[in-house]
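Listing of work_15.pdb, PDB, C-alpha atoms
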ATOM      1  CA  GLY A   1      -5.343 155.268 250.747
ATOM      2  CA  ALA A   2      -5.400 158.738 252.200
ATOM      3  CA  VAL A   3      -3.927 161.493 250.071
ATOM      4  CA  VAL A   4      -1.966 164.518 251.220
ATOM      5  CA  SER A   5      -1.116 167.311 248.831
ATOM      6  CA  GLN A   6       1.334 170.175 249.067
ATOM      7  CA  HIS A   7       1.454 173.461 247.237
ATOM      8  CA  PRO A   8       3.592 174.717 245.673
ATOM      9  CA  SER A   9       5.757 171.803 244.608
ATOM     10  CA  TRP A  10       8.708 174.113 244.213
ATOM     11  CA  VAL A  11       9.446 177.758 244.820
ATOM     12  CA  ILE A  12      12.355 180.095 244.156
ATOM     13  CA  CYS A  13      12.487 183.332 246.084
ATOM     14  CA  LYS A  14      14.840 186.156 246.931
ATOM     15  CA  SER A  15      16.535 186.365 250.277
ATOM     16  CA  GLY A  16      14.429 188.272 252.796
ATOM     17  CA  THR A  17      11.050 187.329 251.396
ATOM     18  CA  SER A  18       8.489 185.085 253.065
ATOM     19  CA  VAL A  19       7.212 181.881 251.543
ATOM     20  CA  LYS A  20       4.009 180.043 252.428
ATOM     21  CA  ILE A  21       3.649 176.294 251.884
ATOM     22  CA  GLU A  22       0.278 174.573 252.095
ATOM     23  CA  CYS A  23      -0.410 171.029 253.208
ATOM     24  CA  ARG A  24      -3.859 169.556 252.606
ATOM     25  CA  SER A  25      -5.475 166.266 253.482
ATOM     26  CA  LEU A  26      -7.683 165.591 250.479
ATOM     27  CA  ASP A  27     -10.005 162.822 251.571
ATOM     28  CA  PHE A  28      -9.756 162.749 255.326
ATOM     29  CA  GLN A  29      -9.660 165.053 258.302
ATOM     30  CA  ALA A  30      -6.344 165.595 260.010
ATOM     31  CA  THR A  31      -6.360 167.190 263.442
ATOM     32  CA  THR A  32      -2.611 166.738 263.554
ATOM     33  CA  MET A  33      -0.105 167.309 260.791
ATOM     34  CA  PHE A  34       3.653 167.211 260.890
ATOM     35  CA  TRP A  35       6.258 169.311 259.098
ATOM     36  CA  TYR A  36       9.652 167.912 258.157
ATOM     37  CA  ARG A  37      12.715 169.366 256.490
ATOM     38  CA  GLN A  38      15.133 167.351 254.409
ATOM     39  CA  PHE A  39      18.516 168.499 253.155
ATOM     40  CA  PRO A  40      20.110 166.784 250.143
ATOM     41  CA  LYS A  41      21.058 163.173 250.766
ATOM     42  CA  GLN A  42      19.943 163.398 254.356
ATOM     43  CA  SER A  43      17.016 162.074 256.323
ATOM     44  CA  LEU A  44      13.826 163.849 257.304
ATOM     45  CA  MET A  45      14.048 165.983 260.398
ATOM     46  CA  LEU A  46      10.835 166.739 262.260
ATOM     47  CA  MET A  47      10.373 170.476 262.617
ATOM     48  CA  ALA A  48       7.016 170.808 264.314
ATOM     49  CA  THR A  49       3.651 169.282 265.051
ATOM     50  CA  SER A  50       0.700 171.262 263.772
ATOM     51  CA  ASN A  51      -2.490 170.984 265.805
ATOM     52  CA  GLU A  52      -5.833 172.137 264.460
ATOM     53  CA  GLY A  53      -7.148 175.072 266.450
ATOM     54  CA  SER A  54      -4.128 175.436 268.695
ATOM     55  CA  LYS A  55      -0.481 176.407 268.640
ATOM     56  CA  ALA A  56       2.071 174.249 266.939
ATOM     57  CA  THR A  57       4.643 172.340 268.930
ATOM     58  CA  TYR A  58       8.189 172.922 267.721
ATOM     59  CA  GLU A  59      11.134 170.577 267.998
ATOM     60  CA  GLN A  60      14.234 171.693 269.807
ATOM     61  CA  GLY A  61      16.334 174.030 267.709
ATOM     62  CA  VAL A  62      13.534 175.080 265.369
ATOM     63  CA  GLU A  63      12.724 178.792 265.553
ATOM     64  CA  LYS A  64       8.992 179.257 265.893
ATOM     65  CA  ASP A  65       9.174 182.891 264.792
ATOM     66  CA  LYS A  66      11.045 181.827 261.690
ATOM     67  CA  PHE A  67       8.757 178.979 260.717
ATOM     68  CA  LEU A  68       5.169 180.042 261.335
ATOM     69  CA  ILE A  69       2.607 177.253 261.340
ATOM     70  CA  ASN A  70      -1.124 177.717 261.076
ATOM     71  CA  HIS A  71      -3.625 174.853 261.192
ATOM     72  CA  ALA A  72      -6.910 176.663 260.780
ATOM     73  CA  SER A  73      -9.011 173.789 259.511
ATOM     74  CA  LEU A  74      -9.135 170.017 259.705
ATOM     75  CA  THR A  75      -7.732 169.688 256.204
ATOM     76  CA  LEU A  76      -5.183 172.482 255.904
ATOM     77  CA  SER A  77      -1.935 173.375 257.604
ATOM     78  CA  THR A  78       0.407 176.093 256.358
ATOM     79  CA  LEU A  79       4.102 176.638 256.977
ATOM     80  CA  THR A  80       5.444 180.127 256.372
ATOM     81  CA  VAL A  81       9.188 180.581 256.144
ATOM     82  CA  THR A  82       9.652 184.187 257.166
ATOM     83  CA  SER A  83      12.520 186.321 255.900
ATOM     84  CA  ALA A  84      13.973 183.366 254.065
ATOM     85  CA  HIS A  85      17.736 183.060 253.652
ATOM     86  CA  PRO A  86      19.810 180.731 251.461
ATOM     87  CA  GLU A  87      20.373 178.368 254.395
ATOM     88  CA  ASP A  88      16.595 177.795 254.494
ATOM     89  CA  SER A  89      16.785 176.205 251.053
ATOM     90  CA  SER A  90      15.568 172.674 251.570
ATOM     91  CA  PHE A  91      12.869 170.123 250.815
ATOM     92  CA  TYR A  92       9.857 170.603 253.110
ATOM     93  CA  ILE A  93       7.476 167.686 253.581
ATOM     94  CA  CYS A  94       4.267 167.453 255.566
ATOM     95  CA  SER A  95       2.426 164.398 256.824
ATOM     96  CA  ALA A  96      -0.885 163.616 258.452
ATOM     97  CA  ARG A  97      -2.606 160.780 260.236
ATOM     98  CA  ASP A  98      -6.104 159.644 259.406
ATOM     99  CA  TRP A  99      -8.716 159.151 262.126
ATOM    100  CA  GLY A 100     -10.125 156.260 260.131
ATOM    101  CA  GLU A 101     -13.570 154.889 259.415
ATOM    102  CA  ARG A 102     -13.648 152.783 262.567
ATOM    103  CA  GLY A 103     -13.039 155.781 264.748
ATOM    104  CA  GLU A 104      -9.447 155.144 265.705
ATOM    105  CA  TRP A 105      -6.134 156.608 264.759
ATOM    106  CA  GLN A 106      -4.508 154.864 261.865
ATOM    107  CA  GLU A 107      -0.881 154.210 262.638
ATOM    108  CA  THR A 108       0.348 155.034 259.178
ATOM    109  CA  GLN A 109       1.276 158.620 258.404
ATOM    110  CA  TYR A 110       0.581 159.831 254.897
ATOM    111  CA  PHE A 111       3.112 162.133 253.365
ATOM    112  CA  GLY A 112       2.729 164.944 250.914
ATOM    113  CA  PRO A 113       4.905 165.081 247.781
ATOM    114  CA  GLY A 114       7.103 167.800 249.270
ATOM    115  CA  THR A 115       7.968 171.398 248.416
ATOM    116  CA  ARG A 116      11.425 172.297 247.226
ATOM    117  CA  LEU A 117      12.460 175.768 248.356
ATOM    118  CA  LEU A 118      15.405 177.590 246.848
ATOM    119  CA  VAL A 119      16.330 180.931 248.341
ATOM    120  CA  LEU A 120      18.650 183.047 246.211
TER     121      LEU A 120
ATOM    122  CA  SER B   1      17.268 163.857 267.066
ATOM    123  CA  GLN B   2      17.285 160.677 265.002
ATOM    124  CA  GLN B   3      16.283 157.373 266.476
ATOM    125  CA  GLY B   4      17.113 154.923 263.737
ATOM    126  CA  GLU B   5      20.336 154.057 262.040
ATOM    127  CA  GLU B   6      20.179 152.202 258.767
ATOM    128  CA  ASP B   7      22.951 150.249 257.248
ATOM    129  CA  PRO B   8      24.345 150.150 254.766
ATOM    130  CA  GLN B   9      24.173 153.835 253.898
ATOM    131  CA  ALA B  10      24.326 152.909 250.232
ATOM    132  CA  LEU B  11      23.812 149.637 248.384
ATOM    133  CA  SER B  12      24.209 148.737 244.721
ATOM    134  CA  ILE B  13      23.067 145.357 243.447
ATOM    135  CA  GLN B  14      22.234 143.730 240.152
ATOM    136  CA  GLU B  15      18.635 143.575 239.014
ATOM    137  CA  GLY B  16      17.072 140.329 240.150
ATOM    138  CA  GLU B  17      19.169 140.015 243.288
ATOM    139  CA  ASN B  18      17.802 140.446 246.790
ATOM    140  CA  ALA B  19      18.461 143.617 248.755
ATOM    141  CA  THR B  20      18.686 143.677 252.530
ATOM    142  CA  MET B  21      18.709 146.812 254.623
ATOM    143  CA  ASN B  22      18.986 146.990 258.370
ATOM    144  CA  CYS B  23      17.754 149.474 260.932
ATOM    145  CA  SER B  24      18.753 149.791 264.561
ATOM    146  CA  TYR B  25      17.034 151.986 267.115
ATOM    147  CA  LYS B  26      17.656 153.057 270.679
ATOM    148  CA  THR B  27      14.467 153.100 272.743
ATOM    149  CA  SER B  28      11.362 150.966 273.111
ATOM    150  CA  ILE B  29       8.740 151.371 270.386
ATOM    151  CA  ASN B  30       5.120 150.666 269.571
ATOM    152  CA  ASN B  31       5.843 149.963 265.950
ATOM    153  CA  LEU B  32       8.429 150.397 263.244
ATOM    154  CA  GLN B  33       7.684 151.498 259.716
ATOM    155  CA  TRP B  34       9.615 151.415 256.467
ATOM    156  CA  TYR B  35       9.226 154.095 253.834
ATOM    157  CA  ARG B  36      10.587 154.547 250.321
ATOM    158  CA  GLN B  37      11.550 157.859 248.775
ATOM    159  CA  ASN B  38      12.336 158.285 245.123
ATOM    160  CA  SER B  39      14.776 161.061 244.360
ATOM    161  CA  GLY B  40      13.256 164.475 245.096
ATOM    162  CA  ARG B  41       9.842 163.052 245.856
ATOM    163  CA  GLY B  42       7.653 162.421 248.873
ATOM    164  CA  LEU B  43       7.620 159.309 250.982
ATOM    165  CA  VAL B  44       5.679 156.168 250.263
ATOM    166  CA  HIS B  45       4.687 153.965 253.153
ATOM    167  CA  LEU B  46       5.800 150.384 252.597
ATOM    168  CA  ILE B  47       5.045 148.383 255.691
ATOM    169  CA  LEU B  48       4.398 148.683 259.425
ATOM    170  CA  ILE B  49       5.389 146.064 261.947
ATOM    171  CA  ARG B  50       4.188 146.199 265.527
ATOM    172  CA  SER B  51       6.391 145.560 268.531
ATOM    173  CA  ASN B  52       4.674 142.222 269.204
ATOM    174  CA  GLU B  53       5.289 140.996 265.657
ATOM    175  CA  ARG B  54       8.472 139.344 264.483
ATOM    176  CA  GLU B  55       7.992 139.149 260.740
ATOM    177  CA  LYS B  56       5.722 140.615 258.110
ATOM    178  CA  HIS B  57       5.386 140.203 254.362
ATOM    179  CA  SER B  58       3.980 142.415 251.656
ATOM    180  CA  GLY B  59       4.514 141.318 248.083
ATOM    181  CA  ARG B  60       8.282 141.226 247.486
ATOM    182  CA  LEU B  61       8.959 142.858 250.848
ATOM    183  CA  ARG B  62       9.815 141.027 254.017
ATOM    184  CA  VAL B  63      10.356 142.869 257.274
ATOM    185  CA  THR B  64      11.660 141.406 260.496
ATOM    186  CA  LEU B  65      11.747 142.950 263.934
ATOM    187  CA  ASP B  66      13.908 141.901 266.870
ATOM    188  CA  THR B  67      12.944 144.008 269.855
ATOM    189  CA  SER B  68      15.595 142.380 272.054
ATOM    190  CA  LYS B  69      18.276 143.666 269.698
ATOM    191  CA  LYS B  70      16.345 146.811 268.817
ATOM    192  CA  SER B  71      16.757 146.115 265.139
ATOM    193  CA  SER B  72      14.745 145.529 262.005
ATOM    194  CA  SER B  73      15.544 144.410 258.497
ATOM    195  CA  LEU B  74      13.883 145.045 255.166
ATOM    196  CA  LEU B  75      14.384 142.457 252.434
ATOM    197  CA  ILE B  76      13.389 143.205 248.861
ATOM    198  CA  THR B  77      13.385 140.052 246.776
ATOM    199  CA  ALA B  78      13.936 139.859 243.021
ATOM    200  CA  SER B  79      14.885 143.519 242.805
ATOM    201  CA  ARG B  80      13.816 145.673 239.875
ATOM    202  CA  ALA B  81      15.136 148.914 238.450
ATOM    203  CA  ALA B  82      12.075 150.666 239.870
ATOM    204  CA  ASP B  83      13.215 149.733 243.371
ATOM    205  CA  THR B  84      16.038 152.270 243.069
ATOM    206  CA  ALA B  85      15.273 154.745 245.856
ATOM    207  CA  SER B  86      16.154 155.684 249.417
ATOM    208  CA  TYR B  87      14.638 153.562 252.159
ATOM    209  CA  PHE B  88      14.004 154.849 255.657
ATOM    210  CA  CYS B  89      12.923 153.175 258.831
ATOM    211  CA  ALA B  90      10.825 155.192 261.252
ATOM    212  CA  THR B  91       9.867 154.571 264.859
ATOM    213  CA  ASP B  92       7.678 156.144 267.501
ATOM    214  CA  PRO B  93      10.114 156.286 270.440
ATOM    215  CA  ASN B  94       7.954 158.530 272.581
ATOM    216  CA  ARG B  95       4.769 156.593 271.860
ATOM    217  CA  ASP B  96       3.035 159.749 270.753
ATOM    218  CA  ASP B  97       2.049 160.916 267.295
ATOM    219  CA  LYS B  98       5.604 161.704 266.278
ATOM    220  CA  ILE B  99       7.699 159.348 264.244
ATOM    221  CA  ILE B 100      11.447 159.700 263.956
ATOM    222  CA  PHE B 101      13.309 158.678 260.817
ATOM    223  CA  GLY B 102      16.612 156.941 260.450
ATOM    224  CA  LYS B 103      19.309 158.185 258.116
ATOM    225  CA  GLY B 104      18.239 155.952 255.278
ATOM    226  CA  THR B 105      19.796 153.530 252.828
ATOM    227  CA  ARG B 106      20.251 154.593 249.203
ATOM    228  CA  LEU B 107      19.553 151.565 247.069
ATOM    229  CA  HIS B 108      20.644 151.452 243.448
ATOM    230  CA  ILE B 109      19.566 148.595 241.214
ATOM    231  CA  LEU B 110      21.944 148.035 238.334
ATOM    232  CA  PRO B 111      20.437 146.876 235.024
TER     233      PRO B 111
END
Can you dump the structure from the file as structure tokens?
Amino acid sequence: GAVVSQHPSWVICKSGTSVKIECRSLDFQATTMFWYRQFPKQSLMLMATSNEGSKATYEQGVEKDKFLINHASLTLSTLTVTSAHPEDSSFYICSARDWGERGEWQETQYFGPGTRLLVL
Amino acid sequence: SQQGEEDPQALSIQEGENATMNCSYKTSINNLQWYRQNSGRGLVHLILIRSNEREKHSGRLRVTLDTSKKSSSLLITASRAADTASYFCATDPNRDDKIIFGKGTRLHILP
């Protein structure tokens, strides 16, 4: 199956700093990737849709200037948490869909292993 | 916003027993998916059932879908300790690329 990786797997930073998280599709091209945030013992909340070569689409209530998304290539999307604060501490997960060998979107989304962010 | 609601929120059963989790959703869908998440890890796709399907099997997993009731169930037979995880249903309510997750059921298999 398709593999999605994330880097780093965890990060600790001081309040006010910016943190960049990478999401890569390892063996397929992903024109669209998705970023989720998950607080402890809660479900995944979609933050934004990352589109290769164009601006990301943010969900209601998600600050686009706070969470910068760049999808510069077909295999890489980055999420930058700018001026991070303790309330941004969370588990960030990305996902991607595979175009597939038969030239059609595969319905299954493949998820990365997640990045745990702790802001002190 | 969240589309799915799983119940129960938490479930503890003895190893070897069957575990059943339910998911209800609000709007029409193309498909419904179930995912598993081990503590602090990413999500693993378990099974996808399309809106025109009523039941699907994969190994020890059995998923049903009742579009008239807007509900789905996930049955894990002969549970094992390794099945301890959180299980989420996910739907595509807007019939676009986005999928929306339910709140999840935390399953704990007792040895």
Report, as lines of an AutoDock Vina configuration file, the axis-aligned box around all atoms of range 14-17 of chain B present in the file, extended by 6 Å on each side; give centre and edge lengths in Å to one decimal place.
center_x = 19.7
center_y = 141.9
center_z = 241.2
size_x = 17.2
size_y = 15.7
size_z = 16.3
Identify all chain A residues at most 7 Å from chain B by counting only C-alpha atoms; ligands do not count. Present them as a list in words.
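Here they are: Gln42, Ser43, Leu44, Phe111, Gly112, Pro113 and Gly114 of chain A.
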For the PyMOL selection byres ((chain A and resi 90) around 7), applied here, can you spell out every residue it catches as a list in words?
Arg37, Gln38, Phe39, Asp88, Ser89, Phe91, Tyr92, Arg116, Leu117 and Leu118 of chain A
Write out as a list in words the residues lying within 7 Å of range 12-22 of chain A, counting only C-alpha atoms and excluding same-chain residues fewer than 3 positions away.
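With the cut-off at 7 Å, the set is Gln6, His7, Pro8, Leu76, Ser77, Thr78, Leu79, Thr80, Val81, Thr82, Ser83, Ala84, His85, Pro86, Leu117, Leu118, Val119 and Leu120 of chain A.
The two atoms in question, CA of Ser72 in chain B and CA of Gly61 in chain A, are spaced 29.1 Å apart.
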Could you check how far CA of Arg60 in chain B sits from CA of Ile13 in chain B, in Å to one decimal?
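Atom-to-atom, CA of Arg60 in chain B to CA of Ile13 in chain B, that is 15.9 Å.
CA of Met47 in chain A sits 20.1 Å away from CA of Arg36 in chain B.
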Residue by residue, what does the PyMOL selection byres ((chain A and resi 48) around 7) grab here? Present the result as a ChimeraX atom specification.
/A:34-35,46-47,49-50,56-59
Skip Thr20 in chain B itself and residues of its chain fewer than 4 positions away, then list as JSON, numbers by chain all residues within 8 Å of it, counting only C-alpha atoms.
{"B": [73, 74, 75, 76]}
Selected residue, from B:Glu55, B:Asp7, B:Glu17, B:Asp92, that lies nearest to Ile29 in chain B when counting all atoms listed in the file:
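Selected residue with least distance to Ile29 in chain B: B:Asp92.
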Could you give me, as a ChimeraX atom specification, the residues that have an atom at most 8 Å away from the point (14.6, 142.8, 236.6) in the coordinates of the file, using only C-alpha atoms?
/B:15-16,78-81,111
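Nearest to Val3 in chain A of all the residues A:Gln109, A:Thr115, A:Thr31, A:Ser54 is A:Gln109, counting all atoms listed in the file.
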Residues in the PyMOL selection byres ((chain A and resi 24) around 6), expressed as a count of residues only
7
Between B:Leu11, B:Cys89, B:Leu61, B:Ala19, which has the minimum distance to Leu32 in chain B (counting all atoms listed in the file)?
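Among B:Leu11, B:Cys89, B:Leu61, B:Ala19, it is B:Cys89 that comes nearest to Leu32 in chain B.
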